[in-house]
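Remarks on the structure that follows.
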Amino acid sequence: MIDTHCHLTDRRFDEDRERVLDRARHAGVTHFIEIAYAPGILPRAQAFAAEHPAVFLCPGVHPSESAKVPLSWIETLRAEARHPRVVALGETGLDFYRDYAPRADQERWFRAQLGLADELGLPVVIHQRSALAETFAILEELRPQAGGVLHCFDDGPEAVERARALGFRLGIGGCLTYGHGPLEEAVKVAPAGMLVLETDSPWLEPEPRSLRRNEPGLLTRVLLRLCELRGWTPEEADRITTANAKDLFRLPIVPAGGGS
Ligand SMILES: [Zn+2]
């Protein structure tokens, strides 16, 4: 499996980061996309990736960070995004759930990152919360050429159809185990090629939420729920979602047995 969205440089992993990676490997998670969503996180993420060949990078400015980061930082992002381990930009988008940042700042950074993604030929990782209509409106206006993923997807079949029309994938994580009806329906009807797995570690632990922290090794809980909904075996679910992730992020991964 590939965890297409995690934050393993988060402080909550400072005590046991290597053990977390060991548990992930034992659970069958071979690669990780580390989301460096603010300028202050990027150096840590780059150092982490330098130590771990199985870690890819996705640098960007999270909507909640957008008021703190001057738009001129896009020059740094452009330069850093040329690093060979960078596979996408983000997470970017709109978050109207809480007022972390004025909407104008969020939209400015969202549009800037979509433009940069097209310039660099990279897909985008989209974060949206309580802003689905506004997020789709901008994506449908700018139509990112290399596609992307609606991270932490938690919506219904209509959103699947709009994402499909954009050539986007759906990031399926812990939410799938929370009993959300529209999401379960969406995952049943979505084309198999749209589904990629993610944890958003350390957030969104899949049920049973007993550890109070998510980690990539818990992706098996999501995989098994996906199997129940799709009627897939774990091997099928792994093969399909891994192929989708490799395709979207154009991951330079050698077939089983090689790599990290
Ligand atoms: Zn995230």
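So you can find residues: chains in the structure tokens are A, B, ... in the order shown, residues in each start at 1, and ligands are numbered from 1 in order.
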Report task. Kindly compile the residues surrounding ligand 1 within 9 Å, counting only C-alpha atoms and all ligand atoms, and format them as a PyMOL selection string. Result -> chain A and resi 5-7+34-37+62+90-91+127+151-152+199-203
Requested in this report: Enumerate, as a ChimeraX atom specification, the complete set of residues in segment 3-177 of chain A that a backbone-based DSSP assignment places in strand (DSSP E or B).
Outcome: /A:3-6,31-36,55-59,86,89-95,124-129,148-150,168-172
Just N, CA and C atoms for this one: save the residues we selected as a JSON list (two decimals), in the first residue's frame.
[["chain", "number", "residue", "atom", "x", "y", "z"],
["A", 3, "ASP", "N", 0.69, 5.18, 1.38],
["A", 3, "ASP", "CA", -0.02, 6.21, 2.14],
["A", 3, "ASP", "C", 0.20, 7.53, 1.40],
["A", 4, "THR", "N", -0.83, 7.97, 0.68],
["A", 4, "THR", "CA", -0.64, 9.14, -0.20],
["A", 4, "THR", "C", -0.78, 10.47, 0.52],
["A", 5, "HIS", "N", -0.99, 10.44, 1.84],
["A", 5, "HIS", "CA", -1.12, 11.72, 2.56],
["A", 5, "HIS", "C", -0.82, 11.52, 4.03],
["A", 6, "CYS", "N", 0.37, 11.91, 4.43],
["A", 6, "CYS", "CA", 0.69, 11.82, 5.86],
["A", 6, "CYS", "C", 1.58, 12.98, 6.27],
["A", 31, "HIS", "N", 5.34, 2.90, 0.73],
["A", 31, "HIS", "CA", 5.75, 4.26, 0.40],
["A", 31, "HIS", "C", 4.82, 5.28, 1.04],
["A", 32, "PHE", "N", 5.33, 6.49, 1.17],
["A", 32, "PHE", "CA", 4.64, 7.53, 1.92],
["A", 32, "PHE", "C", 4.77, 8.86, 1.16],
["A", 33, "ILE", "N", 3.69, 9.60, 1.09],
["A", 33, "ILE", "CA", 3.79, 10.97, 0.57],
["A", 33, "ILE", "C", 3.61, 11.92, 1.74],
["A", 34, "GLU", "N", 4.70, 12.61, 2.05],
["A", 34, "GLU", "CA", 4.72, 13.51, 3.19],
["A", 34, "GLU", "C", 4.27, 14.89, 2.73],
["A", 35, "ILE", "N", 3.22, 15.40, 3.36],
["A", 35, "ILE", "CA", 2.66, 16.69, 2.99],
["A", 35, "ILE", "C", 3.31, 17.77, 3.86],
["A", 36, "ALA", "N", 4.07, 18.63, 3.22],
["A", 36, "ALA", "CA", 4.73, 19.74, 3.94],
["A", 36, "ALA", "C", 3.93, 21.00, 3.64],
["A", 55, "VAL", "N", 10.07, 7.84, 1.07],
["A", 55, "VAL", "CA", 9.24, 9.02, 1.34],
["A", 55, "VAL", "C", 9.30, 9.99, 0.17],
["A", 56, "PHE", "N", 8.15, 10.35, -0.36],
["A", 56, "PHE", "CA", 8.04, 11.39, -1.39],
["A", 56, "PHE", "C", 7.47, 12.65, -0.73],
["A", 57, "LEU", "N", 7.61, 13.76, -1.44],
["A", 57, "LEU", "CA", 7.25, 15.05, -0.84],
["A", 57, "LEU", "C", 6.17, 15.78, -1.63],
["A", 58, "CYS", "N", 5.34, 16.47, -0.88],
["A", 58, "CYS", "CA", 4.32, 17.34, -1.47],
["A", 58, "CYS", "C", 4.36, 18.66, -0.69],
["A", 59, "PRO", "N", 5.08, 19.66, -1.22],
["A", 59, "PRO", "CA", 5.16, 20.94, -0.53],
["A", 59, "PRO", "C", 4.04, 21.89, -0.96],
["A", 86, "VAL", "N", 9.88, 15.44, -5.12],
["A", 86, "VAL", "CA", 8.57, 16.12, -5.05],
["A", 86, "VAL", "C", 7.64, 15.54, -6.12],
["A", 89, "LEU", "N", 1.91, 19.21, -5.50],
["A", 89, "LEU", "CA", 1.87, 20.44, -4.71],
["A", 89, "LEU", "C", 0.64, 20.40, -3.81],
["A", 90, "GLY", "N", 0.78, 20.97, -2.61],
["A", 90, "GLY", "CA", -0.33, 21.08, -1.67],
["A", 90, "GLY", "C", 0.12, 20.76, -0.25],
["A", 91, "GLU", "N", -0.82, 20.57, 0.66],
["A", 91, "GLU", "CA", -2.20, 20.60, 0.33],
["A", 91, "GLU", "C", -2.69, 22.04, 0.24],
["A", 92, "THR", "N", -3.50, 22.29, -0.78],
["A", 92, "THR", "CA", -4.06, 23.61, -1.02],
["A", 92, "THR", "C", -5.55, 23.47, -1.23],
["A", 93, "GLY", "N", -6.27, 24.59, -1.12],
["A", 93, "GLY", "CA", -7.72, 24.54, -1.29],
["A", 93, "GLY", "C", -8.38, 25.61, -0.45],
["A", 94, "LEU", "N", -9.55, 25.28, 0.06],
["A", 94, "LEU", "CA", -10.34, 26.23, 0.85],
["A", 94, "LEU", "C", -10.88, 25.54, 2.08],
["A", 95, "ASP", "N", -10.81, 26.23, 3.22],
["A", 95, "ASP", "CA", -11.31, 25.69, 4.48],
["A", 95, "ASP", "C", -12.13, 26.77, 5.17],
["A", 124, "VAL", "N", -2.10, 18.18, -7.96],
["A", 124, "VAL", "CA", -2.33, 18.96, -6.74],
["A", 124, "VAL", "C", -3.10, 18.13, -5.72],
["A", 125, "VAL", "N", -2.76, 18.33, -4.46],
["A", 125, "VAL", "CA", -3.46, 17.70, -3.35],
["A", 125, "VAL", "C", -4.38, 18.75, -2.74],
["A", 126, "ILE", "N", -5.69, 18.46, -2.81],
["A", 126, "ILE", "CA", -6.70, 19.45, -2.43],
["A", 126, "ILE", "C", -7.25, 19.18, -1.04],
["A", 127, "HIS", "N", -7.22, 20.22, -0.21],
["A", 127, "HIS", "CA", -7.88, 20.19, 1.09],
["A", 127, "HIS", "C", -9.08, 21.11, 1.01],
["A", 128, "GLN", "N", -10.27, 20.59, 1.33],
["A", 128, "GLN", "CA", -11.42, 21.48, 1.44],
["A", 128, "GLN", "C", -12.25, 21.04, 2.63],
["A", 129, "ARG", "N", -12.76, 22.03, 3.33],
["A", 129, "ARG", "CA", -13.67, 21.72, 4.43],
["A", 129, "ARG", "C", -14.74, 22.80, 4.46],
["A", 148, "GLY", "N", -5.21, 15.61, -9.82],
["A", 148, "GLY", "CA", -4.92, 15.73, -8.39],
["A", 148, "GLY", "C", -5.81, 14.81, -7.61],
["A", 149, "VAL", "N", -5.86, 15.08, -6.31],
["A", 149, "VAL", "CA", -6.67, 14.24, -5.42],
["A", 149, "VAL", "C", -7.44, 15.13, -4.46],
["A", 150, "LEU", "N", -8.72, 14.77, -4.24],
["A", 150, "LEU", "CA", -9.49, 15.40, -3.19],
["A", 150, "LEU", "C", -9.16, 14.63, -1.92],
["A", 168, "PHE", "N", -9.79, 13.92, -11.44],
["A", 168, "PHE", "CA", -9.27, 13.86, -10.08],
["A", 168, "PHE", "C", -9.52, 12.50, -9.43],
["A", 169, "ARG", "N", -8.69, 12.18, -8.43],
["A", 169, "ARG", "CA", -8.86, 10.97, -7.62],
["A", 169, "ARG", "C", -9.46, 11.37, -6.27],
["A", 170, "LEU", "N", -9.82, 10.34, -5.52],
["A", 170, "LEU", "CA", -10.40, 10.54, -4.19],
["A", 170, "LEU", "C", -9.47, 9.94, -3.15],
["A", 171, "GLY", "N", -9.07, 10.74, -2.18],
["A", 171, "GLY", "CA", -8.21, 10.25, -1.10],
["A", 171, "GLY", "C", -9.09, 9.63, -0.02],
["A", 172, "ILE", "N", -8.97, 8.31, 0.14],
["A", 172, "ILE", "CA", -9.84, 7.57, 1.05],
["A", 172, "ILE", "C", -9.05, 7.19, 2.31]]
From the DSSP assignment of the backbone, select every residue of segment 58-141 of chain A that is helix (DSSP H, G or I), and format the answer as a PDB file with N, CA and C atoms, in the first residue's frame.
ATOM      1  N   PRO A  63      -4.627  25.986   3.240  1.00  0.00           N
ATOM      2  CA  PRO A  63      -5.488  27.171   3.323  1.00  0.00           C
ATOM      3  C   PRO A  63      -5.446  27.847   4.695  1.00  0.00           C
ATOM      4  N   SER A  64      -5.343  27.064   5.743  1.00  0.00           N
ATOM      5  CA  SER A  64      -5.324  27.662   7.082  1.00  0.00           C
ATOM      6  C   SER A  64      -4.044  28.439   7.366  1.00  0.00           C
ATOM      7  N   GLU A  65      -3.009  28.208   6.555  1.00  0.00           N
ATOM      8  CA  GLU A  65      -1.725  28.907   6.711  1.00  0.00           C
ATOM      9  C   GLU A  65      -1.627  30.115   5.784  1.00  0.00           C
ATOM     10  N   LEU A  71       2.702  35.977  -0.420  1.00  0.00           N
ATOM     11  CA  LEU A  71       2.607  35.351  -1.736  1.00  0.00           C
ATOM     12  C   LEU A  71       3.978  35.245  -2.419  1.00  0.00           C
ATOM     13  N   SER A  72       4.906  36.078  -1.992  1.00  0.00           N
ATOM     14  CA  SER A  72       6.259  36.025  -2.578  1.00  0.00           C
ATOM     15  C   SER A  72       6.951  34.689  -2.295  1.00  0.00           C
ATOM     16  N   TRP A  73       6.464  33.936  -1.302  1.00  0.00           N
ATOM     17  CA  TRP A  73       7.081  32.624  -0.989  1.00  0.00           C
ATOM     18  C   TRP A  73       6.898  31.641  -2.146  1.00  0.00           C
ATOM     19  N   ILE A  74       6.029  31.978  -3.086  1.00  0.00           N
ATOM     20  CA  ILE A  74       5.822  31.099  -4.234  1.00  0.00           C
ATOM     21  C   ILE A  74       7.140  30.878  -4.994  1.00  0.00           C
ATOM     22  N   GLU A  75       8.046  31.854  -4.930  1.00  0.00           N
ATOM     23  CA  GLU A  75       9.345  31.689  -5.604  1.00  0.00           C
ATOM     24  C   GLU A  75      10.142  30.568  -4.945  1.00  0.00           C
ATOM     25  N   THR A  76      10.101  30.523  -3.631  1.00  0.00           N
ATOM     26  CA  THR A  76      10.783  29.444  -2.905  1.00  0.00           C
ATOM     27  C   THR A  76      10.114  28.112  -3.226  1.00  0.00           C
ATOM     28  N   LEU A  77       8.794  28.116  -3.216  1.00  0.00           N
ATOM     29  CA  LEU A  77       8.058  26.886  -3.512  1.00  0.00           C
ATOM     30  C   LEU A  77       8.394  26.381  -4.920  1.00  0.00           C
ATOM     31  N   ARG A  78       8.470  27.307  -5.862  1.00  0.00           N
ATOM     32  CA  ARG A  78       8.812  26.923  -7.242  1.00  0.00           C
ATOM     33  C   ARG A  78      10.181  26.243  -7.285  1.00  0.00           C
ATOM     34  N   ALA A  79      11.139  26.810  -6.579  1.00  0.00           N
ATOM     35  CA  ALA A  79      12.498  26.250  -6.569  1.00  0.00           C
ATOM     36  C   ALA A  79      12.524  24.895  -5.860  1.00  0.00           C
ATOM     37  N   GLU A  80      11.884  24.813  -4.699  1.00  0.00           N
ATOM     38  CA  GLU A  80      11.922  23.574  -3.918  1.00  0.00           C
ATOM     39  C   GLU A  80      11.136  22.453  -4.608  1.00  0.00           C
ATOM     40  N   ARG A 103     -10.912  34.459   3.595  1.00  0.00           N
ATOM     41  CA  ARG A 103     -11.158  33.714   2.360  1.00  0.00           C
ATOM     42  C   ARG A 103     -10.336  34.236   1.189  1.00  0.00           C
ATOM     43  N   ALA A 104     -10.128  35.567   1.155  1.00  0.00           N
ATOM     44  CA  ALA A 104      -9.356  36.136   0.041  1.00  0.00           C
ATOM     45  C   ALA A 104      -7.933  35.588   0.032  1.00  0.00           C
ATOM     46  N   ASP A 105      -7.326  35.439   1.215  1.00  0.00           N
ATOM     47  CA  ASP A 105      -5.961  34.884   1.292  1.00  0.00           C
ATOM     48  C   ASP A 105      -5.956  33.413   0.852  1.00  0.00           C
ATOM     49  N   GLN A 106      -6.960  32.672   1.299  1.00  0.00           N
ATOM     50  CA  GLN A 106      -7.043  31.262   0.913  1.00  0.00           C
ATOM     51  C   GLN A 106      -7.155  31.113  -0.598  1.00  0.00           C
ATOM     52  N   GLU A 107      -8.017  31.937  -1.188  1.00  0.00           N
ATOM     53  CA  GLU A 107      -8.241  31.813  -2.624  1.00  0.00           C
ATOM     54  C   GLU A 107      -7.009  32.238  -3.425  1.00  0.00           C
ATOM     55  N   ARG A 108      -6.332  33.280  -2.932  1.00  0.00           N
ATOM     56  CA  ARG A 108      -5.121  33.749  -3.619  1.00  0.00           C
ATOM     57  C   ARG A 108      -4.071  32.633  -3.676  1.00  0.00           C
ATOM     58  N   TRP A 109      -3.847  31.978  -2.519  1.00  0.00           N
ATOM     59  CA  TRP A 109      -2.839  30.904  -2.481  1.00  0.00           C
ATOM     60  C   TRP A 109      -3.301  29.656  -3.255  1.00  0.00           C
ATOM     61  N   PHE A 110      -4.584  29.410  -3.230  1.00  0.00           N
ATOM     62  CA  PHE A 110      -5.141  28.266  -3.971  1.00  0.00           C
ATOM     63  C   PHE A 110      -4.879  28.460  -5.462  1.00  0.00           C
ATOM     64  N   ARG A 111      -5.251  29.628  -5.976  1.00  0.00           N
ATOM     65  CA  ARG A 111      -5.055  29.895  -7.406  1.00  0.00           C
ATOM     66  C   ARG A 111      -3.571  29.909  -7.776  1.00  0.00           C
ATOM     67  N   ALA A 112      -2.758  30.460  -6.907  1.00  0.00           N
ATOM     68  CA  ALA A 112      -1.318  30.531  -7.194  1.00  0.00           C
ATOM     69  C   ALA A 112      -0.729  29.128  -7.295  1.00  0.00           C
ATOM     70  N   GLN A 113      -1.138  28.239  -6.395  1.00  0.00           N
ATOM     71  CA  GLN A 113      -0.576  26.882  -6.413  1.00  0.00           C
ATOM     72  C   GLN A 113      -1.099  26.070  -7.598  1.00  0.00           C
ATOM     73  N   LEU A 114      -2.344  26.317  -7.996  1.00  0.00           N
ATOM     74  CA  LEU A 114      -2.848  25.615  -9.188  1.00  0.00           C
ATOM     75  C   LEU A 114      -2.071  26.074 -10.425  1.00  0.00           C
ATOM     76  N   GLY A 115      -1.756  27.365 -10.471  1.00  0.00           N
ATOM     77  CA  GLY A 115      -0.962  27.881 -11.590  1.00  0.00           C
ATOM     78  C   GLY A 115       0.434  27.286 -11.607  1.00  0.00           C
ATOM     79  N   LEU A 116       1.055  27.210 -10.432  1.00  0.00           N
ATOM     80  CA  LEU A 116       2.405  26.657 -10.346  1.00  0.00           C
ATOM     81  C   LEU A 116       2.409  25.168 -10.706  1.00  0.00           C
ATOM     82  N   ALA A 117       1.378  24.456 -10.276  1.00  0.00           N
ATOM     83  CA  ALA A 117       1.290  23.026 -10.590  1.00  0.00           C
ATOM     84  C   ALA A 117       1.264  22.823 -12.105  1.00  0.00           C
ATOM     85  N   ASP A 118       0.505  23.635 -12.806  1.00  0.00           N
ATOM     86  CA  ASP A 118       0.450  23.530 -14.268  1.00  0.00           C
ATOM     87  C   ASP A 118       1.808  23.864 -14.884  1.00  0.00           C
ATOM     88  N   GLU A 119       2.438  24.887 -14.334  1.00  0.00           N
ATOM     89  CA  GLU A 119       3.760  25.289 -14.844  1.00  0.00           C
ATOM     90  C   GLU A 119       4.776  24.152 -14.687  1.00  0.00           C
ATOM     91  N   LEU A 120       4.704  23.439 -13.561  1.00  0.00           N
ATOM     92  CA  LEU A 120       5.690  22.392 -13.266  1.00  0.00           C
ATOM     93  C   LEU A 120       5.230  21.003 -13.706  1.00  0.00           C
ATOM     94  N   LEU A 132     -17.048  22.932  -0.364  1.00  0.00           N
ATOM     95  CA  LEU A 132     -17.030  22.052  -1.534  1.00  0.00           C
ATOM     96  C   LEU A 132     -17.420  22.805  -2.814  1.00  0.00           C
ATOM     97  N   ALA A 133     -18.494  23.594  -2.753  1.00  0.00           N
ATOM     98  CA  ALA A 133     -18.965  24.297  -3.961  1.00  0.00           C
ATOM     99  C   ALA A 133     -17.908  25.287  -4.447  1.00  0.00           C
ATOM    100  N   GLU A 134     -17.338  26.042  -3.522  1.00  0.00           N
ATOM    101  CA  GLU A 134     -16.338  27.055  -3.892  1.00  0.00           C
ATOM    102  C   GLU A 134     -15.066  26.397  -4.426  1.00  0.00           C
ATOM    103  N   THR A 135     -14.704  25.262  -3.834  1.00  0.00           N
ATOM    104  CA  THR A 135     -13.500  24.558  -4.282  1.00  0.00           C
ATOM    105  C   THR A 135     -13.693  24.015  -5.697  1.00  0.00           C
ATOM    106  N   PHE A 136     -14.822  23.367  -5.930  1.00  0.00           N
ATOM    107  CA  PHE A 136     -15.099  22.848  -7.275  1.00  0.00           C
ATOM    108  C   PHE A 136     -15.162  23.986  -8.295  1.00  0.00           C
ATOM    109  N   ALA A 137     -15.737  25.124  -7.905  1.00  0.00           N
ATOM    110  CA  ALA A 137     -15.862  26.242  -8.855  1.00  0.00           C
ATOM    111  C   ALA A 137     -14.486  26.670  -9.360  1.00  0.00           C
ATOM    112  N   ILE A 138     -13.521  26.747  -8.461  1.00  0.00           N
ATOM    113  CA  ILE A 138     -12.173  27.168  -8.865  1.00  0.00           C
ATOM    114  C   ILE A 138     -11.481  26.059  -9.661  1.00  0.00           C
ATOM    115  N   LEU A 139     -11.637  24.812  -9.222  1.00  0.00           N
ATOM    116  CA  LEU A 139     -11.016  23.708  -9.971  1.00  0.00           C
ATOM    117  C   LEU A 139     -11.597  23.609 -11.381  1.00  0.00           C
ATOM    118  N   GLU A 140     -12.910  23.814 -11.492  1.00  0.00           N
ATOM    119  CA  GLU A 140     -13.543  23.702 -12.810  1.00  0.00           C
ATOM    120  C   GLU A 140     -13.198  24.893 -13.703  1.00  0.00           C
ATOM    121  N   GLU A 141     -12.866  26.005 -13.088  1.00  0.00           N
ATOM    122  CA  GLU A 141     -12.415  27.172 -13.863  1.00  0.00           C
ATOM    123  C   GLU A 141     -10.984  26.958 -14.369  1.00  0.00           C
TER     124      GLU A 141
END
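Nearest to Arg143 of chain A of all the residues A:Pro123, A:Pro157, A:Pro206, A:Pro53 is A:Pro123, based on only C-alpha atoms.
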Requested in this report: Tell me, as an MDAnalysis selection string, which residues lie within 12 Å of Glu207 of chain A, counting only C-alpha atoms; anything in the same chain fewer than 3 positions away does not count.
Outcome: chainID A and resid 173:179 204 210:214 218:222 224:225
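Between atom CA of Arg98 of chain A and atom CA of Leu122 of chain A the separation is 28.7 Å.
With only C-alpha atoms taken into account, the protein and nucleic acid residues at most 6 Å from Thr30 of chain A (excluding it and anything under 3 positions from it in its own chain) are Met1, Ile2 and Arg25 of chain A.
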